[in-house]
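Listing of protein.cif; format and content: mmCIF, C-alpha atoms.
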data_my_file
#
loop_
_atom_site.group_PDB
_atom_site.id
_atom_site.type_symbol
_atom_site.label_atom_id
_atom_site.label_comp_id
_atom_site.auth_asym_id
_atom_site.auth_seq_id
_atom_site.Cartn_x
_atom_site.Cartn_y
_atom_site.Cartn_z
ATOM 1 C CA MET A 69 -18.783 19.150 3.254
ATOM 2 C CA LEU A 70 -21.599 20.993 1.481
ATOM 3 C CA GLY A 71 -23.577 17.825 0.748
ATOM 4 C CA ASP A 72 -23.424 16.679 4.361
ATOM 5 C CA ASN A 73 -24.728 20.062 5.523
ATOM 6 C CA ILE A 74 -27.620 20.033 3.029
ATOM 7 C CA LYS A 75 -28.644 16.569 4.248
ATOM 8 C CA LYS A 76 -28.291 17.579 7.910
ATOM 9 C CA TYR A 77 -30.448 20.707 7.693
ATOM 10 C CA ARG A 78 -32.994 19.045 5.383
ATOM 11 C CA LYS A 79 -33.573 16.379 8.017
ATOM 12 C CA GLU A 80 -33.777 19.027 10.751
ATOM 13 C CA LYS A 81 -36.569 20.681 8.759
ATOM 14 C CA GLY A 82 -38.288 17.320 8.371
ATOM 15 C CA TYR A 83 -38.241 17.367 4.560
ATOM 16 C CA THR A 84 -37.845 14.271 2.426
ATOM 17 C CA GLN A 85 -35.592 14.410 -0.618
ATOM 18 C CA GLU A 86 -38.667 14.505 -2.858
ATOM 19 C CA GLN A 87 -40.154 17.463 -0.962
ATOM 20 C CA LEU A 88 -36.964 19.539 -0.993
ATOM 21 C CA ALA A 89 -36.295 18.692 -4.642
ATOM 22 C CA SER A 90 -39.813 19.858 -5.533
ATOM 23 C CA MET A 91 -39.260 23.177 -3.715
ATOM 24 C CA LEU A 92 -36.014 23.703 -5.613
ATOM 25 C CA HIS A 93 -37.534 22.615 -8.956
ATOM 26 C CA VAL A 94 -35.022 19.799 -9.468
ATOM 27 C CA VAL A 95 -35.401 16.027 -9.615
ATOM 28 C CA ARG A 96 -34.719 13.914 -6.525
ATOM 29 C CA GLN A 97 -31.686 12.251 -8.170
ATOM 30 C CA THR A 98 -29.991 15.645 -8.527
ATOM 31 C CA LEU A 99 -30.545 16.453 -4.861
ATOM 32 C CA SER A 100 -29.228 13.003 -3.941
ATOM 33 C CA LYS A 101 -26.007 13.692 -5.869
ATOM 34 C CA TRP A 102 -25.563 16.964 -3.967
ATOM 35 C CA GLU A 103 -26.094 15.269 -0.607
ATOM 36 C CA ASN A 104 -23.699 12.442 -1.490
ATOM 37 C CA ASN A 105 -21.006 14.938 -2.554
ATOM 38 C CA VAL A 106 -21.002 13.701 -6.126
ATOM 39 C CA SER A 107 -21.675 17.191 -7.505
ATOM 40 C CA VAL A 108 -22.509 20.687 -6.226
ATOM 41 C CA PRO A 109 -25.379 23.065 -7.020
ATOM 42 C CA ASP A 110 -24.670 26.346 -8.786
ATOM 43 C CA ALA A 111 -24.696 29.662 -6.911
ATOM 44 C CA GLU A 112 -28.339 30.524 -7.659
ATOM 45 C CA VAL A 113 -29.624 27.124 -6.512
ATOM 46 C CA LEU A 114 -27.445 27.265 -3.390
ATOM 47 C CA ILE A 115 -29.073 30.551 -2.420
ATOM 48 C CA GLY A 116 -32.462 28.890 -2.924
ATOM 49 C CA ILE A 117 -31.422 25.976 -0.678
ATOM 50 C CA SER A 118 -30.300 28.475 1.945
ATOM 51 C CA LYS A 119 -33.700 30.210 1.904
ATOM 52 C CA VAL A 120 -35.743 26.988 1.987
ATOM 53 C CA LEU A 121 -33.740 25.499 4.849
ATOM 54 C CA GLY A 122 -33.407 28.796 6.700
ATOM 55 C CA VAL A 123 -29.641 28.408 6.970
ATOM 56 C CA PRO A 124 -27.032 30.984 5.868
ATOM 57 C CA VAL A 125 -24.990 30.132 2.792
ATOM 58 C CA SER A 126 -21.820 30.523 4.879
ATOM 59 C CA THR A 127 -23.046 27.762 7.213
ATOM 60 C CA LEU A 128 -23.760 25.415 4.311
ATOM 61 C CA LEU A 129 -20.268 26.059 2.944
ATOM 62 C CA ASP A 130 -18.555 25.789 6.354
ATOM 63 C CA ILE A 131 -17.271 29.356 6.074
ATOM 64 C CA ALA A 132 -16.346 31.243 9.242
ATOM 65 C CA PRO A 133 -19.109 33.753 10.044
ATOM 66 C CA GLU A 134 -16.599 36.539 10.700
ATOM 67 C CA GLU A 135 -15.618 36.631 7.032
ATOM 68 C CA GLU A 136 -17.301 39.751 5.662
ATOM 69 C CA TYR A 137 -17.286 38.932 1.982
ATOM 70 C CA VAL A 138 -17.180 35.633 0.123
ATOM 71 C CA ASP A 139 -17.166 35.170 -3.639
ATOM 72 C CA LEU A 140 -19.881 32.515 -3.889
ATOM 73 C CA ALA A 141 -18.886 31.331 -7.361
ATOM 74 C CA GLU A 142 -15.255 31.024 -6.300
ATOM 75 C CA GLU A 143 -16.209 29.153 -3.134
ATOM 76 C CA LEU A 144 -18.408 26.734 -5.088
ATOM 77 C CA ALA A 145 -15.572 26.148 -7.546
ATOM 78 C CA ARG A 146 -13.307 25.310 -4.602
ATOM 79 C CA VAL A 147 -15.856 22.861 -3.192
ATOM 80 C CA ASN A 148 -16.327 21.302 -6.624
ATOM 81 C CA GLU A 149 -12.569 20.828 -6.990
ATOM 82 C CA GLU A 150 -12.387 19.180 -3.556
ATOM 83 C CA LEU A 151 -15.213 16.837 -4.542
ATOM 84 C CA ALA A 152 -13.457 15.945 -7.790
ATOM 85 C CA GLN A 153 -10.255 15.108 -5.901
ATOM 86 C CA ARG A 154 -12.219 13.109 -3.333
ATOM 87 C CA ASN A 155 -14.055 11.116 -6.000
ATOM 88 C CA GLN A 156 -10.799 10.501 -7.868
ATOM 89 C CA GLN A 157 -9.221 9.143 -4.686
ATOM 90 C CA LEU A 158 -12.262 6.931 -4.054
ATOM 91 C CA GLN A 159 -11.993 5.510 -7.579
ATOM 92 C CA LYS A 160 -8.266 4.912 -7.061
ATOM 93 C CA ASN A 161 -8.928 3.142 -3.760
ATOM 94 C CA GLU A 162 -11.622 0.982 -5.372
ATOM 95 C CA LEU A 163 -9.311 -0.031 -8.225
ATOM 96 C CA ALA A 164 -6.468 -0.719 -5.783
ATOM 97 C CA GLY A 165 -8.823 -2.932 -3.777
ATOM 98 C CA LYS A 166 -9.650 -4.962 -6.883
ATOM 99 C CA LYS A 167 -5.973 -5.418 -7.725
ATOM 100 C CA ARG A 168 -5.206 -6.471 -4.141
ATOM 101 C CA GLY A 169 -8.013 -9.009 -4.455
ATOM 102 C CA GLN A 170 -6.438 -10.399 -7.634
ATOM 103 C CA ILE A 171 -3.036 -10.708 -5.935
ATOM 104 C CA LEU A 172 -4.664 -12.428 -2.961
ATOM 105 C CA ALA A 173 -6.524 -14.809 -5.290
ATOM 106 C CA ALA A 174 -3.289 -15.744 -7.088
ATOM 107 C CA SER A 175 -1.545 -16.326 -3.742
ATOM 108 C CA PHE A 176 -4.449 -18.460 -2.512
ATOM 109 C CA ALA A 177 -4.339 -20.464 -5.743
ATOM 110 C CA ALA A 178 -0.626 -21.114 -5.148
ATOM 111 C CA LEU A 179 -1.418 -22.333 -1.629
ATOM 112 C CA MET A 180 -4.131 -24.686 -2.900
ATOM 113 C CA VAL A 181 -1.758 -26.073 -5.534
ATOM 114 C CA MET A 182 0.814 -26.832 -2.831
ATOM 115 C CA ILE A 183 -1.836 -28.674 -0.816
ATOM 116 C CA LEU A 184 -3.632 -30.569 -3.585
ATOM 117 C CA VAL A 185 -1.049 -31.334 -6.299
ATOM 118 C CA ARG A 186 1.085 -34.338 -5.347
ATOM 119 C CA ASN A 187 3.543 -34.272 -8.245
ATOM 120 C CA ALA A 188 6.447 -32.141 -6.969
ATOM 121 C CA VAL A 189 7.558 -30.817 -10.369
ATOM 122 C CA VAL A 190 4.035 -29.918 -11.504
ATOM 123 C CA SER A 191 3.321 -28.326 -8.131
ATOM 124 C CA LEU A 192 6.446 -26.159 -8.349
ATOM 125 C CA LEU A 193 5.621 -25.031 -11.874
ATOM 126 C CA LEU A 194 2.017 -24.142 -11.016
ATOM 127 C CA VAL A 195 3.054 -22.313 -7.850
ATOM 128 C CA GLY A 196 5.611 -20.392 -9.898
ATOM 129 C CA VAL A 197 2.932 -19.415 -12.415
ATOM 130 C CA CYS A 198 0.554 -18.231 -9.671
ATOM 131 C CA MET A 199 3.216 -16.180 -7.919
ATOM 132 C CA GLY A 200 4.409 -14.821 -11.252
ATOM 133 C CA VAL A 201 0.879 -13.599 -11.996
ATOM 134 C CA ALA A 202 0.736 -11.940 -8.564
ATOM 135 C CA LEU A 203 4.075 -10.198 -9.155
ATOM 136 C CA LEU A 204 2.986 -9.081 -12.631
ATOM 137 C CA ILE A 205 -0.179 -7.485 -11.214
ATOM 138 C CA LEU A 206 1.910 -5.794 -8.531
ATOM 139 C CA TYR A 207 4.467 -4.531 -11.065
ATOM 140 C CA ARG A 208 1.823 -3.028 -13.347
ATOM 141 C CA ASN A 209 0.085 -1.227 -10.472
ATOM 142 C CA LEU A 210 2.997 0.034 -8.359
ATOM 143 C CA SER A 211 1.963 3.693 -8.551
ATOM 144 C CA LEU A 212 -1.644 2.750 -7.742
ATOM 145 C CA PHE A 213 -0.584 1.010 -4.524
ATOM 146 C CA SER A 214 1.711 3.818 -3.369
ATOM 147 C CA GLN A 215 0.226 5.977 -0.617
ATOM 148 C CA SER A 216 2.314 9.077 -1.269
ATOM 149 C CA THR A 217 3.572 11.018 -4.272
ATOM 150 C CA VAL A 218 6.168 8.826 -5.951
ATOM 151 C CA SER A 219 9.257 10.380 -7.526
ATOM 152 C CA ALA A 220 10.963 8.925 -10.587
ATOM 153 C CA SER A 221 13.788 7.438 -8.492
ATOM 154 C CA GLN A 222 11.322 5.890 -6.033
ATOM 155 C CA MET A 223 9.298 4.340 -8.849
ATOM 156 C CA LYS A 224 12.507 2.988 -10.365
ATOM 157 C CA ALA A 225 13.424 1.435 -7.001
ATOM 158 C CA LEU A 226 9.992 -0.203 -6.756
ATOM 159 C CA LYS A 227 10.295 -1.626 -10.261
ATOM 160 C CA VAL A 228 13.809 -2.932 -9.613
ATOM 161 C CA VAL A 229 12.680 -4.684 -6.416
ATOM 162 C CA THR A 230 9.655 -6.225 -8.142
ATOM 163 C CA ILE A 231 11.718 -7.429 -11.125
ATOM 164 C CA PHE A 232 14.328 -8.836 -8.740
ATOM 165 C CA ASP A 233 11.621 -10.698 -6.808
ATOM 166 C CA ALA A 234 10.253 -12.134 -10.051
ATOM 167 C CA ALA A 235 13.699 -13.188 -11.284
ATOM 168 C CA LEU A 236 14.548 -14.795 -7.937
ATOM 169 C CA LEU A 237 11.236 -16.662 -7.981
ATOM 170 C CA VAL A 238 11.908 -17.999 -11.486
ATOM 171 C CA VAL A 239 15.439 -19.114 -10.567
ATOM 172 C CA LEU A 240 14.259 -20.860 -7.393
ATOM 173 C CA VAL A 241 11.334 -22.603 -9.110
ATOM 174 C CA VAL A 242 13.485 -23.785 -12.027
ATOM 175 C CA SER A 243 16.284 -24.929 -9.706
ATOM 176 C CA CYS A 244 13.893 -26.835 -7.446
ATOM 177 C CA GLY A 245 12.257 -28.391 -10.495
ATOM 178 C CA PHE A 246 15.628 -29.585 -11.831
ATOM 179 C CA ILE A 247 16.550 -31.009 -8.432
ATOM 180 C CA GLN A 248 13.215 -32.825 -8.131
ATOM 181 C CA ALA A 249 13.584 -34.183 -11.672
ATOM 182 C CA GLY A 250 17.099 -35.418 -10.890
ATOM 183 C CA VAL A 251 18.813 -33.219 -13.492
ATOM 184 C CA PHE A 252 21.407 -32.319 -10.867
ATOM 185 C CA THR A 253 21.809 -32.874 -7.147
ATOM 186 C CA LEU A 254 23.288 -30.876 -4.288
ATOM 187 C CA THR A 255 24.799 -32.155 -1.087
ATOM 188 C CA GLU A 256 23.543 -30.810 2.219
ATOM 189 C CA ARG A 257 26.667 -28.680 2.555
ATOM 190 C CA GLN A 258 26.292 -27.276 -0.961
ATOM 191 C CA GLU A 259 22.666 -26.392 -0.237
ATOM 192 C CA SER A 260 23.760 -24.580 2.934
ATOM 193 C CA TRP A 261 26.356 -22.477 1.122
ATOM 194 C CA LEU A 262 23.885 -21.728 -1.665
ATOM 195 C CA ALA A 263 21.461 -20.484 0.998
ATOM 196 C CA VAL A 264 24.252 -18.321 2.477
ATOM 197 C CA GLY A 265 24.836 -16.715 -0.912
ATOM 198 C CA ILE A 266 21.131 -16.036 -1.424
ATOM 199 C CA VAL A 267 20.683 -14.562 2.067
ATOM 200 C CA ALA A 268 23.763 -12.326 1.726
ATOM 201 C CA CYS A 269 22.614 -11.048 -1.684
ATOM 202 C CA LEU A 270 19.120 -10.333 -0.365
ATOM 203 C CA LEU A 271 20.455 -8.426 2.646
ATOM 204 C CA LEU A 272 22.714 -6.252 0.495
ATOM 205 C CA PHE A 273 20.210 -5.760 -2.322
ATOM 206 C CA PHE A 274 17.309 -4.626 -0.161
ATOM 207 C CA GLY A 275 19.657 -2.611 2.037
ATOM 208 C CA ALA A 276 20.791 -0.615 -0.984
ATOM 209 C CA LEU A 277 17.254 0.065 -2.218
ATOM 210 C CA SER A 278 15.314 0.410 1.053
ATOM 211 C CA PRO A 279 15.992 4.154 1.616
ATOM 212 C CA ARG A 280 14.445 4.887 -1.795
ATOM 213 C CA LEU A 281 11.262 2.856 -1.364
ATOM 214 C CA PRO A 282 8.145 5.079 -1.198
ATOM 215 C CA TYR A 283 5.487 4.745 1.474
ATOM 216 C CA GLN A 284 3.183 1.837 0.532
ATOM 217 C CA LYS A 285 1.951 -1.491 1.883
ATOM 218 C CA HIS A 286 3.280 -4.032 -0.596
ATOM 219 C CA THR A 287 7.071 -3.813 -0.799
ATOM 220 C CA GLY A 288 9.349 -3.162 2.158
ATOM 221 C CA LEU A 289 9.343 -3.571 5.936
ATOM 222 C CA ARG A 290 5.583 -3.988 6.417
ATOM 223 C CA LEU A 291 5.030 -3.773 10.147
ATOM 224 C CA PRO A 292 1.797 -2.409 11.678
ATOM 225 C CA TRP A 293 3.458 0.850 12.718
ATOM 226 C CA THR A 294 5.534 1.376 9.562
ATOM 227 C CA VAL A 295 2.526 1.061 7.236
ATOM 228 C CA SER A 296 0.484 3.379 9.489
ATOM 229 C CA ASP A 297 2.774 6.417 9.310
ATOM 230 C CA GLU A 298 4.959 7.722 6.483
ATOM 231 C CA GLU A 299 7.649 9.214 8.745
ATOM 232 C CA THR A 300 7.978 5.921 10.616
ATOM 233 C CA TRP A 301 8.191 4.076 7.293
ATOM 234 C CA ASN A 302 10.972 6.357 6.033
ATOM 235 C CA LEU A 303 12.948 6.044 9.279
ATOM 236 C CA ALA A 304 12.756 2.233 9.298
ATOM 237 C CA HIS A 305 13.985 1.960 5.718
ATOM 238 C CA LYS A 306 16.820 4.442 6.247
ATOM 239 C CA ILE A 307 17.969 2.304 9.181
ATOM 240 C CA ILE A 308 17.902 -0.801 6.961
ATOM 241 C CA GLY A 309 20.127 1.022 4.485
ATOM 242 C CA VAL A 310 22.640 1.780 7.248
ATOM 243 C CA ILE A 311 22.772 -1.665 8.897
ATOM 244 C CA ALA A 312 22.609 -3.880 5.789
ATOM 245 C CA LEU A 313 26.349 -3.981 5.058
ATOM 246 C CA PRO A 314 27.556 -4.465 8.688
ATOM 247 C CA ILE A 315 25.030 -7.261 9.299
ATOM 248 C CA THR A 316 26.004 -8.984 6.040
ATOM 249 C CA LEU A 317 29.714 -8.828 6.911
ATOM 250 C CA LEU A 318 29.055 -10.195 10.409
ATOM 251 C CA TYR A 319 26.907 -12.940 8.891
ATOM 252 C CA LEU A 320 29.585 -13.997 6.406
ATOM 253 C CA ALA A 321 32.240 -13.921 9.138
ATOM 254 C CA ALA A 322 30.057 -16.138 11.341
ATOM 255 C CA VAL A 323 29.406 -18.781 8.672
ATOM 256 C CA TRP A 324 33.067 -18.744 7.669
ATOM 257 C CA THR A 325 34.132 -19.281 11.289
ATOM 258 C CA PHE A 326 31.523 -21.983 11.986
ATOM 259 C CA PRO A 327 30.935 -23.672 8.611
ATOM 260 C CA ASP A 328 28.888 -26.639 9.816
ATOM 261 C CA VAL A 329 25.303 -26.880 8.537
ATOM 262 C CA GLU A 330 23.638 -26.298 11.907
ATOM 263 C CA SER A 331 25.700 -23.180 12.639
ATOM 264 C CA ILE A 332 24.986 -21.785 9.179
ATOM 265 C CA GLY A 333 21.257 -22.179 9.802
ATOM 266 C CA LYS A 334 21.492 -20.389 13.148
ATOM 267 C CA ALA A 335 23.631 -17.605 11.664
ATOM 268 C CA SER A 336 21.142 -17.111 8.819
ATOM 269 C CA ALA A 337 18.224 -16.887 11.238
ATOM 270 C CA GLY A 338 20.154 -14.471 13.459
ATOM 271 C CA ALA A 339 21.069 -12.206 10.547
ATOM 272 C CA VAL A 340 17.462 -11.997 9.370
ATOM 273 C CA LEU A 341 16.227 -11.306 12.909
ATOM 274 C CA LEU A 342 18.739 -8.462 13.330
ATOM 275 C CA TYR A 343 17.912 -7.125 9.864
ATOM 276 C CA ILE A 344 14.220 -6.893 10.740
ATOM 277 C CA GLY A 345 14.443 -6.424 14.504
ATOM 278 C CA ILE A 346 16.753 -3.396 14.699
ATOM 279 C CA PRO A 347 14.742 -1.124 12.354
ATOM 280 C CA GLY A 348 11.506 -2.637 13.662
ATOM 281 C CA ILE A 349 12.214 -1.779 17.299
ATOM 282 C CA MET A 350 13.735 1.643 16.574
ATOM 283 C CA SER A 351 10.830 2.648 14.336
ATOM 284 C CA LEU A 352 8.348 1.384 16.945
ATOM 285 C CA VAL A 353 9.968 3.623 19.589
ATOM 286 C CA PHE A 354 9.770 6.577 17.180
ATOM 287 C CA TYR A 355 6.135 5.826 16.348
ATOM 288 C CA TRP A 356 5.179 5.472 20.023
ATOM 289 C CA LYS A 357 6.843 8.769 20.977
ATOM 290 C CA LYS A 358 5.187 10.524 18.050
ATOM 291 C CA TYR A 359 1.645 9.438 18.895
ATOM 292 C CA HIS A 360 2.011 9.050 22.685
ATOM 293 C CA PRO A 361 4.045 12.103 23.757
#
In structure tokens, how does this file's structure come out?
Amino acid sequence: MLGDNIKKYRKEKGYTQEQLASMLHVVRQTLSKWENNVSVPDAEVLIGISKVLGVPVSTLLDIAPEEEYVDLAEELARVNEELAQRNQQLQKNELAGKKRGQILAASFAALMVMILVRNAVVSLLLVGVCMGVALLILYRNLSLFSQSTVSASQMKALKVVTIFDAALLVVLVVSCGFIQAGVFTLTERQESWLAVGIVACLLLFFGALSPRLPYQKHTGLRLPWTVSDEETWNLAHKIIGVIALPITLLYLAAVWTFPDVESIGKASAGAVLLYIGIPGIMSLVFYWKKYHP
């Protein structure tokens, strides 16, 4: 970048920022902004920098020396546009970092409530509030967290998943609260079949939406290799879309064949492992071949 080159050649000449700024008839703060790629000098000042540092303008602008003619104003406009995009991305990353911190704080608060609050009903309600706050922050900043250009259908898929997560959280918290308060009770077998219904719905729901989820680090199959590469991410989620229905049918057949509580637990664990393991392993192979040919 232009600013990096100005700093590099200034130091090679042994000038301080104050000395070079004085030679160019600008204040030190202005020169500092140029060197930090916050802004760019105009064409006339750039020529002056070139003369003072004894470096061609083409070198400062990272232009190939074989190019015979360069429109300096046009080139500076290009550099300025790149800087604007870079600064915009930095601001976006900073804001995203703050929002991630808020989500982490809400999650940590939920964990502390679980540890410190002894009353089961109060604990459930407070945990629900904390997780609800985290989901609300996530919902309102979905486009900010996305790492690629998000289409309307992809944004709709993200919103649907987030709303579904919030609704499921509310239902689970309220149900657990009612059970703890003795409003209604479930037998062990009823709890097992309720869990089967929830697992089957989750497998089908996320299987239907996974192929439309955009590349980001907050919703989806978040494995080290899927969040590191967009192609790997897309492949993993397409695979989930393909295998969701077969795995769900096999899961329901297994629990119907072996309806005892222990077998249902094993079948549920097996279904989840297949649901995550198949796309996880296949995407890992793809990622490894891509970056280790």
Assuming 4 Å of padding per side, give the centre and edge lengths of the axis-aligned box around every listed atom of stretch 340-347 of chain A, in Å to one decimal and as lines of an AutoDock Vina configuration file.
center_x = 16.5
center_y = -6.6
center_z = 12.0
size_x = 12.5
size_y = 18.9
size_z = 13.3
| d(atom CA of A:Val229, atom CA of A:Pro347) in Å |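 Computing the Euclidean distance for atom CA of A:Val229 and atom CA of A:Pro347 yields 19.2 Å.
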| If you apply the PyMOL selection byres ((chain A and resi 316) around 9) to this file, what residues do you get, as number ranges by chain? | A: 267-269, 271-272, 311-315, 317-321, 339
Neighbour residues at most 12 Å from (1.9, -26.3, -4.1) (all atoms listed in the file) as a short mmCIF file (atom, residue, chain, number, x, y, z; two decimals) with C-alpha atoms, keeping the file's coordinate frame:
data_model
loop_
_atom_site.label_atom_id
_atom_site.label_comp_id
_atom_site.auth_asym_id
_atom_site.auth_seq_id
_atom_site.Cartn_x
_atom_site.Cartn_y
_atom_site.Cartn_z
CA SER A 175 -1.54 -16.33 -3.74
CA PHE A 176 -4.45 -18.46 -2.51
CA ALA A 177 -4.34 -20.46 -5.74
CA ALA A 178 -0.63 -21.11 -5.15
CA LEU A 179 -1.42 -22.33 -1.63
CA MET A 180 -4.13 -24.69 -2.90
CA VAL A 181 -1.76 -26.07 -5.53
CA MET A 182 0.81 -26.83 -2.83
CA ILE A 183 -1.84 -28.67 -0.82
CA LEU A 184 -3.63 -30.57 -3.58
CA VAL A 185 -1.05 -31.33 -6.30
CA ARG A 186 1.08 -34.34 -5.35
CA ASN A 187 3.54 -34.27 -8.24
CA ALA A 188 6.45 -32.14 -6.97
CA VAL A 189 7.56 -30.82 -10.37
CA VAL A 190 4.04 -29.92 -11.50
CA SER A 191 3.32 -28.33 -8.13
CA LEU A 192 6.45 -26.16 -8.35
CA LEU A 193 5.62 -25.03 -11.87
CA LEU A 194 2.02 -24.14 -11.02
CA VAL A 195 3.05 -22.31 -7.85
CA GLY A 196 5.61 -20.39 -9.90
CA VAL A 197 2.93 -19.42 -12.42
CA CYS A 198 0.55 -18.23 -9.67
CA MET A 199 3.22 -16.18 -7.92
CA VAL A 241 11.33 -22.60 -9.11
#
| said: Using Å and a single decimal, report how far atom CA of A:Tyr207 sits from atom CA of A:Leu303. | reply: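 Distance between the two atoms: 24.4 Å.
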| request: Just say which residues the PyMOL selection byres ((chain A and resi 250-265) around 9) picks in this file, as a list in words. | output: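 After applying the PyMOL selection byres ((chain A and resi 250-265) around 9), what remains is Gly245, Phe246, Ile247, Gln248, Ala249, Ile266, Val267, Ala268, Cys269, Leu270, Tyr319, Leu320, Val323, Pro327, Asp328, Val329, Ile332, Gly333 and Ser336 of chain A.
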| said: So the first atom is atom CA of A:Gln222 and the second is atom CA of A:Leu240; what is the distance between them in Å, to one decimal place? | reply: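 It comes out at 26.9 Å.
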| message | Let me make sure I understand: among A:Ala202, A:Glu80, A:Leu352, A:Ala335, which one has the smallest atom-to-atom distance to A:Ala322 if we use all atoms listed in the file? | response | A:Ala335
| Nearest to A:Gln159 by atom-to-atom distance, counting all atoms listed in the file, from A:Leu212, A:Val238, A:Val108, A:Ile231 | A:Leu212
| request: Using only C-alpha atoms, collect all residues at a distance of at most 8 Å from (-20.7, 10.8, 0.3) as written in the file, then present them as a PyMOL selection string. | output: chain A and resi 71-72+103-106
